[in-house]
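*Asks:* File model.csv below, CSV, C-alpha atoms and all ligand atoms:
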```
chain,number,residue,atom,x,y,z
A,779,MET,CA,0.0,0.0,0.0
A,780,ASP,CA,1.3,3.5,-0.6
A,781,GLY,CA,0.5,6.9,0.8
A,782,ALA,CA,-0.4,8.0,4.3
A,783,THR,CA,-3.8,8.1,5.9
A,784,THR,CA,-5.4,9.0,9.1
A,785,PRO,CA,-7.2,6.4,11.2
A,786,THR,CA,-10.5,8.1,10.5
A,787,ALA,CA,-10.0,8.3,6.7
A,788,ALA,CA,-13.0,7.0,4.8
A,789,PRO,CA,-12.4,3.8,2.8
A,790,VAL,CA,-11.7,4.1,-0.9
A,791,LEU,CA,-12.2,1.1,-3.2
A,792,ILE,CA,-11.6,0.8,-6.9
A,793,LEU,CA,-13.5,-1.7,-9.1
A,794,LEU,CA,-11.6,-2.5,-12.3
A,795,GLY,CA,-12.9,-4.5,-15.1
A,796,PRO,CA,-14.1,-4.3,-18.7
A,797,PRO,CA,-17.6,-3.3,-19.8
A,798,GLY,CA,-20.0,-5.9,-18.5
A,799,ALA,CA,-17.7,-7.2,-15.8
A,800,GLY,CA,-20.3,-6.4,-13.2
A,801,LYS,CA,-18.7,-3.2,-11.7
A,802,GLY,CA,-22.0,-1.4,-11.3
A,803,THR,CA,-23.9,-4.5,-10.1
A,804,GLN,CA,-21.3,-5.2,-7.4
A,805,ALA,CA,-20.8,-1.6,-6.5
A,806,ARG,CA,-24.5,-1.2,-5.7
A,807,MET,CA,-24.4,-4.4,-3.6
A,808,LEU,CA,-21.3,-3.1,-1.7
A,809,GLU,CA,-23.0,0.2,-1.2
A,810,ALA,CA,-25.9,-1.5,0.5
A,811,ALA,CA,-23.7,-3.9,2.6
A,812,HIS,CA,-21.1,-1.4,3.7
A,813,GLY,CA,-22.7,2.0,3.6
A,814,MET,CA,-20.2,3.5,1.2
A,815,VAL,CA,-21.1,5.6,-1.9
A,816,GLN,CA,-21.0,4.1,-5.4
A,817,LEU,CA,-19.2,6.7,-7.6
A,818,SER,CA,-19.6,5.8,-11.3
A,819,THR,CA,-18.1,8.2,-13.8
A,820,GLY,CA,-20.2,6.6,-16.5
A,821,ASP,CA,-23.4,7.5,-14.5
A,822,LEU,CA,-22.1,11.1,-13.9
A,823,LEU,CA,-21.3,11.5,-17.6
A,824,ARG,CA,-24.7,10.1,-18.7
A,825,ALA,CA,-26.4,12.5,-16.3
A,826,ALA,CA,-24.4,15.4,-17.8
A,827,VAL,CA,-25.4,14.2,-21.3
A,828,ALA,CA,-29.1,14.0,-20.3
A,829,ALA,CA,-29.0,17.4,-18.7
A,830,GLY,CA,-27.3,18.9,-21.8
A,831,THR,CA,-24.5,20.5,-19.8
A,832,GLU,CA,-21.3,21.7,-21.4
A,833,VAL,CA,-19.6,18.5,-20.1
A,834,GLY,CA,-22.4,16.4,-21.5
A,835,LYS,CA,-22.1,18.0,-24.9
A,836,GLN,CA,-18.3,17.3,-25.0
A,837,ALA,CA,-18.8,13.7,-23.8
A,838,LYS,CA,-21.8,12.5,-25.8
A,839,ALA,CA,-20.2,11.7,-29.2
A,840,VAL,CA,-17.2,10.0,-27.6
A,841,MET,CA,-19.4,7.8,-25.4
A,842,GLU,CA,-21.6,6.8,-28.3
A,843,ALA,CA,-18.5,5.8,-30.2
A,844,GLY,CA,-17.2,3.6,-27.3
A,845,GLY,CA,-14.1,5.7,-26.7
A,846,LEU,CA,-12.8,7.3,-23.5
A,847,VAL,CA,-13.8,10.9,-22.6
A,848,SER,CA,-10.8,13.2,-22.0
A,849,ASP,CA,-8.8,12.7,-18.8
A,850,ALA,CA,-9.1,16.4,-17.9
A,851,LEU,CA,-12.9,16.4,-18.1
A,852,VAL,CA,-13.4,13.1,-16.1
A,853,ILE,CA,-10.8,14.1,-13.4
A,854,ALA,CA,-12.7,17.4,-12.9
A,855,ILE,CA,-16.1,15.7,-12.5
A,856,LEU,CA,-14.6,13.1,-10.1
A,857,ARG,CA,-12.9,15.8,-8.0
A,858,ASP,CA,-16.2,17.7,-7.7
A,859,ARG,CA,-18.1,14.6,-6.8
A,860,LEU,CA,-15.6,13.5,-4.1
A,861,ALA,CA,-16.0,16.9,-2.4
A,862,GLU,CA,-19.7,16.2,-1.7
A,863,PRO,CA,-20.5,15.4,1.9
A,864,ASP,CA,-21.9,11.9,1.4
A,865,CYS,CA,-18.4,10.7,0.2
A,866,ALA,CA,-17.2,11.0,3.8
A,867,ARG,CA,-18.9,7.6,4.2
A,868,GLY,CA,-16.3,6.1,1.9
A,869,VAL,CA,-16.4,5.5,-1.9
A,870,ILE,CA,-16.5,2.7,-4.3
A,871,LEU,CA,-15.0,3.9,-7.6
A,872,ASP,CA,-16.8,2.2,-10.5
A,873,GLY,CA,-15.3,3.0,-13.9
A,874,PHE,CA,-12.5,5.4,-12.6
A,875,PRO,CA,-9.6,5.5,-13.1
A,876,ARG,CA,-9.4,4.3,-16.7
A,877,THR,CA,-6.0,5.6,-17.7
A,878,THR,CA,-2.7,5.9,-16.0
A,879,VAL,CA,-3.1,9.7,-16.1
A,880,GLN,CA,-6.4,9.3,-14.1
A,881,ALA,CA,-4.8,6.8,-11.7
A,882,GLU,CA,-2.0,9.3,-10.9
A,883,ALA,CA,-4.4,12.2,-10.6
A,884,LEU,CA,-6.4,10.1,-8.1
A,885,ASP,CA,-3.3,9.4,-6.0
A,886,THR,CA,-2.6,13.1,-5.9
A,887,LEU,CA,-6.2,14.0,-5.1
A,888,LEU,CA,-6.5,11.4,-2.3
A,889,GLY,CA,-3.1,12.5,-0.9
A,890,GLU,CA,-4.5,16.1,-0.7
A,891,MET,CA,-7.5,14.7,1.2
A,892,GLY,CA,-5.5,12.6,3.6
A,893,GLN,CA,-6.9,9.4,2.1
A,894,ARG,CA,-5.5,6.5,0.3
A,895,ILE,CA,-6.8,3.5,-1.8
A,896,ASP,CA,-7.7,0.6,0.5
A,897,ALA,CA,-8.1,-1.9,-2.4
A,898,ALA,CA,-8.2,-2.0,-6.2
A,899,ILE,CA,-10.2,-5.0,-7.2
A,900,SER,CA,-10.0,-6.5,-10.7
A,901,LEU,CA,-13.1,-8.3,-11.8
A,902,GLU,CA,-11.7,-10.9,-14.1
A,903,VAL,CA,-13.9,-12.0,-17.0
A,904,ASP,CA,-13.7,-13.4,-20.6
A,905,ASP,CA,-14.4,-10.8,-23.3
A,906,ALA,CA,-16.5,-13.3,-25.2
A,907,ALA,CA,-19.2,-13.3,-22.5
A,908,MET,CA,-19.4,-9.5,-22.2
A,909,VAL,CA,-21.4,-8.8,-25.3
A,910,LYS,CA,-24.1,-11.1,-24.0
A,911,ARG,CA,-24.1,-9.5,-20.6
A,912,ILE,CA,-24.3,-6.0,-22.0
A,913,SER,CA,-26.9,-6.7,-24.7
A,914,GLY,CA,-29.3,-8.1,-22.1
A,915,ARG,CA,-28.8,-5.3,-19.6
A,916,PHE,CA,-31.6,-2.9,-18.5
A,917,THR,CA,-32.0,-0.6,-15.5
A,918,CYS,CA,-34.8,1.0,-13.5
A,919,GLY,CA,-35.2,4.6,-14.6
A,920,ALA,CA,-36.5,5.6,-11.2
A,921,CYS,CA,-34.0,4.0,-8.7
A,922,GLY,CA,-31.1,2.9,-11.0
A,923,GLU,CA,-31.3,-0.8,-10.0
A,924,GLY,CA,-29.6,-3.0,-12.7
A,925,TYR,CA,-31.1,-6.1,-14.3
A,926,HIS,CA,-30.4,-8.6,-17.1
A,927,ASP,CA,-32.9,-10.3,-19.4
A,928,THR,CA,-31.4,-13.8,-18.5
A,929,PHE,CA,-29.0,-13.4,-15.6
A,930,LYS,CA,-31.0,-11.1,-13.3
A,931,PRO,CA,-34.6,-10.6,-14.5
A,932,THR,CA,-37.2,-8.7,-12.5
A,933,ILE,CA,-39.5,-10.9,-10.4
A,934,THR,CA,-42.5,-9.4,-12.2
A,935,ALA,CA,-41.9,-8.6,-15.9
A,936,GLY,CA,-41.3,-4.9,-16.4
A,937,VAL,CA,-41.6,-3.9,-12.7
A,938,CYS,CA,-38.6,-2.9,-10.6
A,939,ASP,CA,-38.1,-5.3,-7.6
A,940,LYS,CA,-36.6,-2.5,-5.5
A,941,CYS,CA,-39.0,0.5,-6.0
A,942,GLY,CA,-41.9,-0.8,-8.1
A,943,SER,CA,-41.4,1.6,-11.0
A,944,THR,CA,-42.2,0.4,-14.5
A,945,GLU,CA,-39.9,2.8,-16.2
A,946,MET,CA,-37.1,0.6,-17.5
A,947,LYS,CA,-34.2,1.9,-19.6
A,948,ARG,CA,-31.5,0.5,-22.0
A,949,ARG,CA,-28.3,2.4,-22.7
A,950,THR,CA,-27.7,3.7,-26.2
A,951,ASP,CA,-24.1,2.5,-26.1
A,952,ASP,CA,-25.1,-1.1,-25.3
A,953,ASN,CA,-25.0,-2.4,-28.9
A,954,ALA,CA,-22.5,-5.0,-30.3
A,955,GLU,CA,-20.5,-2.5,-32.3
A,956,THR,CA,-20.0,0.0,-29.5
A,957,VAL,CA,-19.3,-2.8,-27.0
A,958,ALA,CA,-16.4,-4.0,-29.3
A,959,GLN,CA,-15.0,-0.5,-29.2
A,960,ARG,CA,-15.4,-0.2,-25.4
A,961,LEU,CA,-13.6,-3.5,-25.0
A,962,LYS,CA,-10.7,-2.3,-27.2
A,963,ALA,CA,-10.4,0.9,-25.2
A,964,TYR,CA,-10.4,-1.1,-22.0
A,965,HIS,CA,-7.5,-3.4,-23.1
A,966,ALA,CA,-5.5,-0.5,-24.6
A,967,GLN,CA,-5.9,2.1,-21.9
A,968,THR,CA,-7.4,0.6,-18.7
A,969,GLY,CA,-5.9,-2.9,-18.7
A,970,PRO,CA,-2.4,-1.6,-17.7
A,971,LEU,CA,-3.9,-0.3,-14.4
A,972,VAL,CA,-4.1,-3.9,-13.1
A,973,ALA,CA,-0.3,-3.9,-13.2
A,974,TYR,CA,-0.2,-0.3,-11.8
A,975,TYR,CA,-2.1,-1.4,-8.6
A,976,GLU,CA,-0.3,-4.7,-8.4
A,977,ASP,CA,3.0,-2.9,-8.2
A,978,LYS,CA,1.6,-0.8,-5.4
A,979,GLY,CA,0.5,-3.9,-3.5
A,980,SER,CA,-3.2,-2.9,-3.5
A,981,LEU,CA,-4.6,-5.3,-6.1
A,982,SER,CA,-6.9,-8.2,-5.5
A,983,ARG,CA,-8.4,-10.3,-8.3
A,984,ILE,CA,-11.9,-11.8,-8.3
A,985,ASP,CA,-13.3,-14.4,-10.7
A,986,ALA,CA,-16.3,-12.4,-12.1
A,987,MET,CA,-17.4,-15.2,-14.5
A,988,ALA,CA,-19.2,-16.8,-11.5
A,989,PRO,CA,-22.9,-16.0,-10.8
A,990,ILE,CA,-23.6,-12.5,-9.3
A,991,GLU,CA,-24.2,-13.7,-5.7
A,992,ASP,CA,-20.9,-15.8,-5.8
A,993,VAL,CA,-19.0,-12.8,-7.0
A,994,ALA,CA,-20.6,-10.7,-4.3
A,995,THR,CA,-19.5,-13.2,-1.6
A,996,ALA,CA,-15.9,-13.3,-2.8
A,997,LEU,CA,-15.8,-9.5,-3.1
A,998,ASN,CA,-17.2,-9.0,0.4
A,999,VAL,CA,-14.4,-11.1,1.9
A,1000,VAL,CA,-11.8,-8.8,0.1
A,1001,VAL,CA,-13.6,-5.6,1.0
A,1002,SER,CA,-14.1,-6.6,4.7
A,1003,GLU,CA,-10.4,-7.3,5.1
A,1004,ALA,CA,-9.4,-4.1,3.2
A,1005,ILE,CA,-11.5,-1.7,5.3
A,1006,ALA,CA,-11.1,-3.6,8.7
B,1101,LIG,P1,-19.4,3.0,-17.9
B,1101,LIG,O1,-20.8,3.4,-17.6
B,1101,LIG,O2,-18.4,3.0,-16.8
B,1101,LIG,O3,-19.5,1.6,-18.7
B,1101,LIG,P2,-18.5,0.4,-18.7
B,1101,LIG,O4,-17.2,0.5,-18.0
B,1101,LIG,O5,-18.4,0.1,-20.2
B,1101,LIG,O6,-19.1,-0.6,-17.9
B,1101,LIG,P3,-20.6,-1.1,-17.9
B,1101,LIG,O7,-21.4,-0.2,-17.1
B,1101,LIG,O8,-21.0,-1.4,-19.3
B,1101,LIG,O9,-20.4,-2.5,-17.2
B,1101,LIG,P4,-20.4,-3.0,-15.6
B,1101,LIG,O10,-19.0,-3.6,-15.4
B,1101,LIG,O11,-20.8,-1.9,-14.7
B,1101,LIG,O12,-21.4,-4.1,-15.7
B,1101,LIG,P5,-22.9,-4.2,-15.0
B,1101,LIG,O13,-22.7,-4.4,-13.5
B,1101,LIG,O14,-23.8,-3.2,-15.5
B,1101,LIG,O15,-18.8,4.0,-19.0
B,1101,LIG,C1,-19.6,4.3,-20.2
B,1101,LIG,C2,-18.8,5.3,-21.0
B,1101,LIG,O16,-18.5,6.5,-20.3
B,1101,LIG,C3,-17.4,4.8,-21.4
B,1101,LIG,O17,-17.4,4.0,-22.6
B,1101,LIG,C4,-16.6,6.1,-21.7
B,1101,LIG,O18,-17.0,6.7,-22.9
B,1101,LIG,C5,-17.2,7.0,-20.6
B,1101,LIG,N1,-16.4,6.9,-19.3
B,1101,LIG,C6,-16.9,6.5,-18.1
B,1101,LIG,N2,-15.9,6.6,-17.2
B,1101,LIG,C7,-14.8,7.1,-17.8
B,1101,LIG,C8,-13.5,7.5,-17.4
B,1101,LIG,N3,-13.1,7.3,-16.1
B,1101,LIG,N4,-12.7,8.0,-18.3
B,1101,LIG,C9,-13.0,8.2,-19.6
B,1101,LIG,N5,-14.3,7.9,-20.1
B,1101,LIG,C10,-15.2,7.4,-19.2
B,1101,LIG,O19,-23.3,-5.7,-15.6
B,1101,LIG,C11,-23.6,-5.8,-17.0
B,1101,LIG,C12,-24.8,-6.8,-17.1
B,1101,LIG,O20,-24.4,-8.1,-16.7
B,1101,LIG,C13,-26.0,-6.4,-16.2
B,1101,LIG,O21,-27.2,-6.6,-16.9
B,1101,LIG,C14,-25.9,-7.4,-15.0
B,1101,LIG,O22,-27.1,-7.7,-14.4
B,1101,LIG,C15,-25.2,-8.6,-15.6
B,1101,LIG,N6,-24.2,-9.2,-14.7
B,1101,LIG,C16,-23.4,-8.6,-13.8
B,1101,LIG,N7,-22.6,-9.5,-13.2
B,1101,LIG,C17,-22.9,-10.7,-13.7
B,1101,LIG,C18,-22.5,-12.0,-13.4
B,1101,LIG,N8,-21.6,-12.3,-12.5
B,1101,LIG,N9,-23.1,-13.0,-14.1
B,1101,LIG,C19,-24.0,-12.8,-15.1
B,1101,LIG,N10,-24.5,-11.5,-15.4
B,1101,LIG,C20,-24.0,-10.5,-14.7
```
As structure tokens, what does this structure read like?

*Replies:*
Amino acid sequence: MDGATTPTAAPVLILLGPPGAGKGTQARMLEAAHGMVQLSTGDLLRAAVAAGTEVGKQAKAVMEAGGLVSDALVIAILRDRLAEPDCARGVILDGFPRTTVQAEALDTLLGEMGQRIDAAISLEVDDAAMVKRISGRFTCGACGEGYHDTFKPTITAGVCDKCGSTEMKRRTDDNAETVAQRLKAYHAQTGPLVAYYEDKGSLSRIDAMAPIEDVATALNVVVSEAIA
């Protein structure tokens, strides 16, 4: 582990993994189990696109093409989000960092805040299964709960198990062509971060090809040890 921290510093976890690895699914489960805040740069960017902000306008075309939004823009939105009061409960970073520049910026930012990374967890999956996972994904438009046509259907068709809403959404970048580009971007720009955190002694690997509940159990063991 690197960097200094105070005994009261809030936990910081990173979930690494390609599109469809289950970062969002597991981050929401960890949030419920450990009281930390899921911080997804993908969700923040989609909200900016939906709101038509300047950030959203800059990010939209890149996201639709399956590329990575510029480091400067993503680091800025992450910095702002980390400064919000709820992050004092600890954060689960889902989809950030995605480049070495972002990882180094995060180290600097956390250092300034007297915090450090407690664990970087790599969700290990086969690319071949990811297109199937992503093409079957949908989420509740009201509460954000994630589902899958085959692997995690709602109990009652079209009704969110968690909040009862019938407003289900599918992402515009969840098509085979864009997923292929997202996987390429992952291997070229984000994959090297596994070695980055391994070198720092903060990396754990989880077999994320297992069923959702089994991945959650394995992840809980790692997280409980990391934040103990
Ligand atoms: P982002 O929203 O982060 O998307 P992503 O990384 O491509 O990841 P996904 O959300 O697709 O997958 P996930 O791992 O969360 O899987 P999920 O849990 O949903 O980023 C979108 C875009 O924003 C990027 O392409 C980029 O343009 C931009 N962006 C974001 N962050 C950026 C950054 N830091 N820098 C630059 N650009 C950035 O699971 C998928 C499905 O599989 C679900 O239906 C789920 O139910 C199911 N499932 C989950 N686990 C399992 C399992 N174990 N078995 C079976 N099914 C499972």

*Asks:* Give as a list in words each residue that has an atom at most 10 Å from (-31.8, 1.1, -12.3) in the file, counting all atoms listed in the file.

*Replies:*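 The distance filter leaves exactly Thr803, Phe916, Thr917, Cys918, Gly919, Ala920, Cys921, Gly922, Glu923, Gly924, Tyr925, Cys938, Lys940, Cys941, Ser943, Glu945, Met946, Lys947 and Arg948 of chain A.
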
*Asks:* Return the single residue from A:Val937, A:Leu856, A:Val847, A:Leu808 that is closest to ligand LIG 1101 (chain B), with distances computed using only C-alpha atoms and all ligand atoms.

*Replies:*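 Of A:Val937, A:Leu856, A:Val847, A:Leu808, the one nearest ligand LIG 1101 (chain B) is A:Val847, counting only C-alpha atoms and all ligand atoms.
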
*Asks:* If I take CA of Leu823 (chain A) and CA of Val903 (chain A), how far is one from the other in Å, to one decimal?

*Replies:*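 Separating CA of Leu823 (chain A) from CA of Val903 (chain A) is a distance of 24.6 Å.
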
*Asks:* May I have the residues within 6 Å of ligand LIG 1101 (chain B), computed using all atoms listed in the file, as a ChimeraX atom specification?

*Replies:* /A:796-803,819-821,840-841,844-848,852,873-876,911-912,914-916,924-926,929-930,960,986-990

*Asks:* Hey, which of A:Leu851, A:Met891, A:Ile1005, A:Leu997 ends up closest to Ala805 (chain A)? Count all atoms listed in the file.

*Replies:*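 Nearest to Ala805 (chain A): A:Leu997.
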
*Asks:* Tell me, in Å to one decimal, how far CA of Gly889 (chain A) is from CA of His812 (chain A).

*Replies:*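 According to the coordinates, CA of Gly889 (chain A) and CA of His812 (chain A) are separated by 23.2 Å.
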
*Asks:* List every protein, DNA or RNA residue that has an atom no more than 6 Å from (-12.6, 2.8, -4.0) in the file's coordinate frame, counting all atoms listed in the file, and report them as a CSV table (one decimal) with C-alpha atoms, in the frame of the given file.

*Replies:*
```
chain,number,residue,atom,x,y,z
A,790,VAL,CA,-11.7,4.1,-0.9
A,791,LEU,CA,-12.2,1.1,-3.2
A,792,ILE,CA,-11.6,0.8,-6.9
A,869,VAL,CA,-16.4,5.5,-1.9
A,870,ILE,CA,-16.5,2.7,-4.3
A,871,LEU,CA,-15.0,3.9,-7.6
```

*Asks:* Rounded to one decimal in Å, what is the spacing between CA of Asp885 (chain A) and CA of Ala810 (chain A)?

*Replies:*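 These atoms are spaced 25.9 Å apart.
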
*Asks:* With all atoms listed in the file as the basis for distance, which of A:Ile855, A:Ala829, A:Ala881, A:Ala996 is at the shortest distance from Ala898 (chain A)?

*Replies:*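 Among the listed residues, A:Ala881 lies closest to Ala898 (chain A).
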
*Asks:* Edge lengths and centre, in Å to one decimal, as lines of an AutoDock Vina configuration file: that's what I need for the box along x, y and z that holds all listed atoms of region 876-882 of chain A plus 5 Å on each side.

*Replies:*
```
center_x = -5.7
center_y = 7.0
center_z = -14.3
size_x = 17.4
size_y = 15.4
size_z = 16.8
```
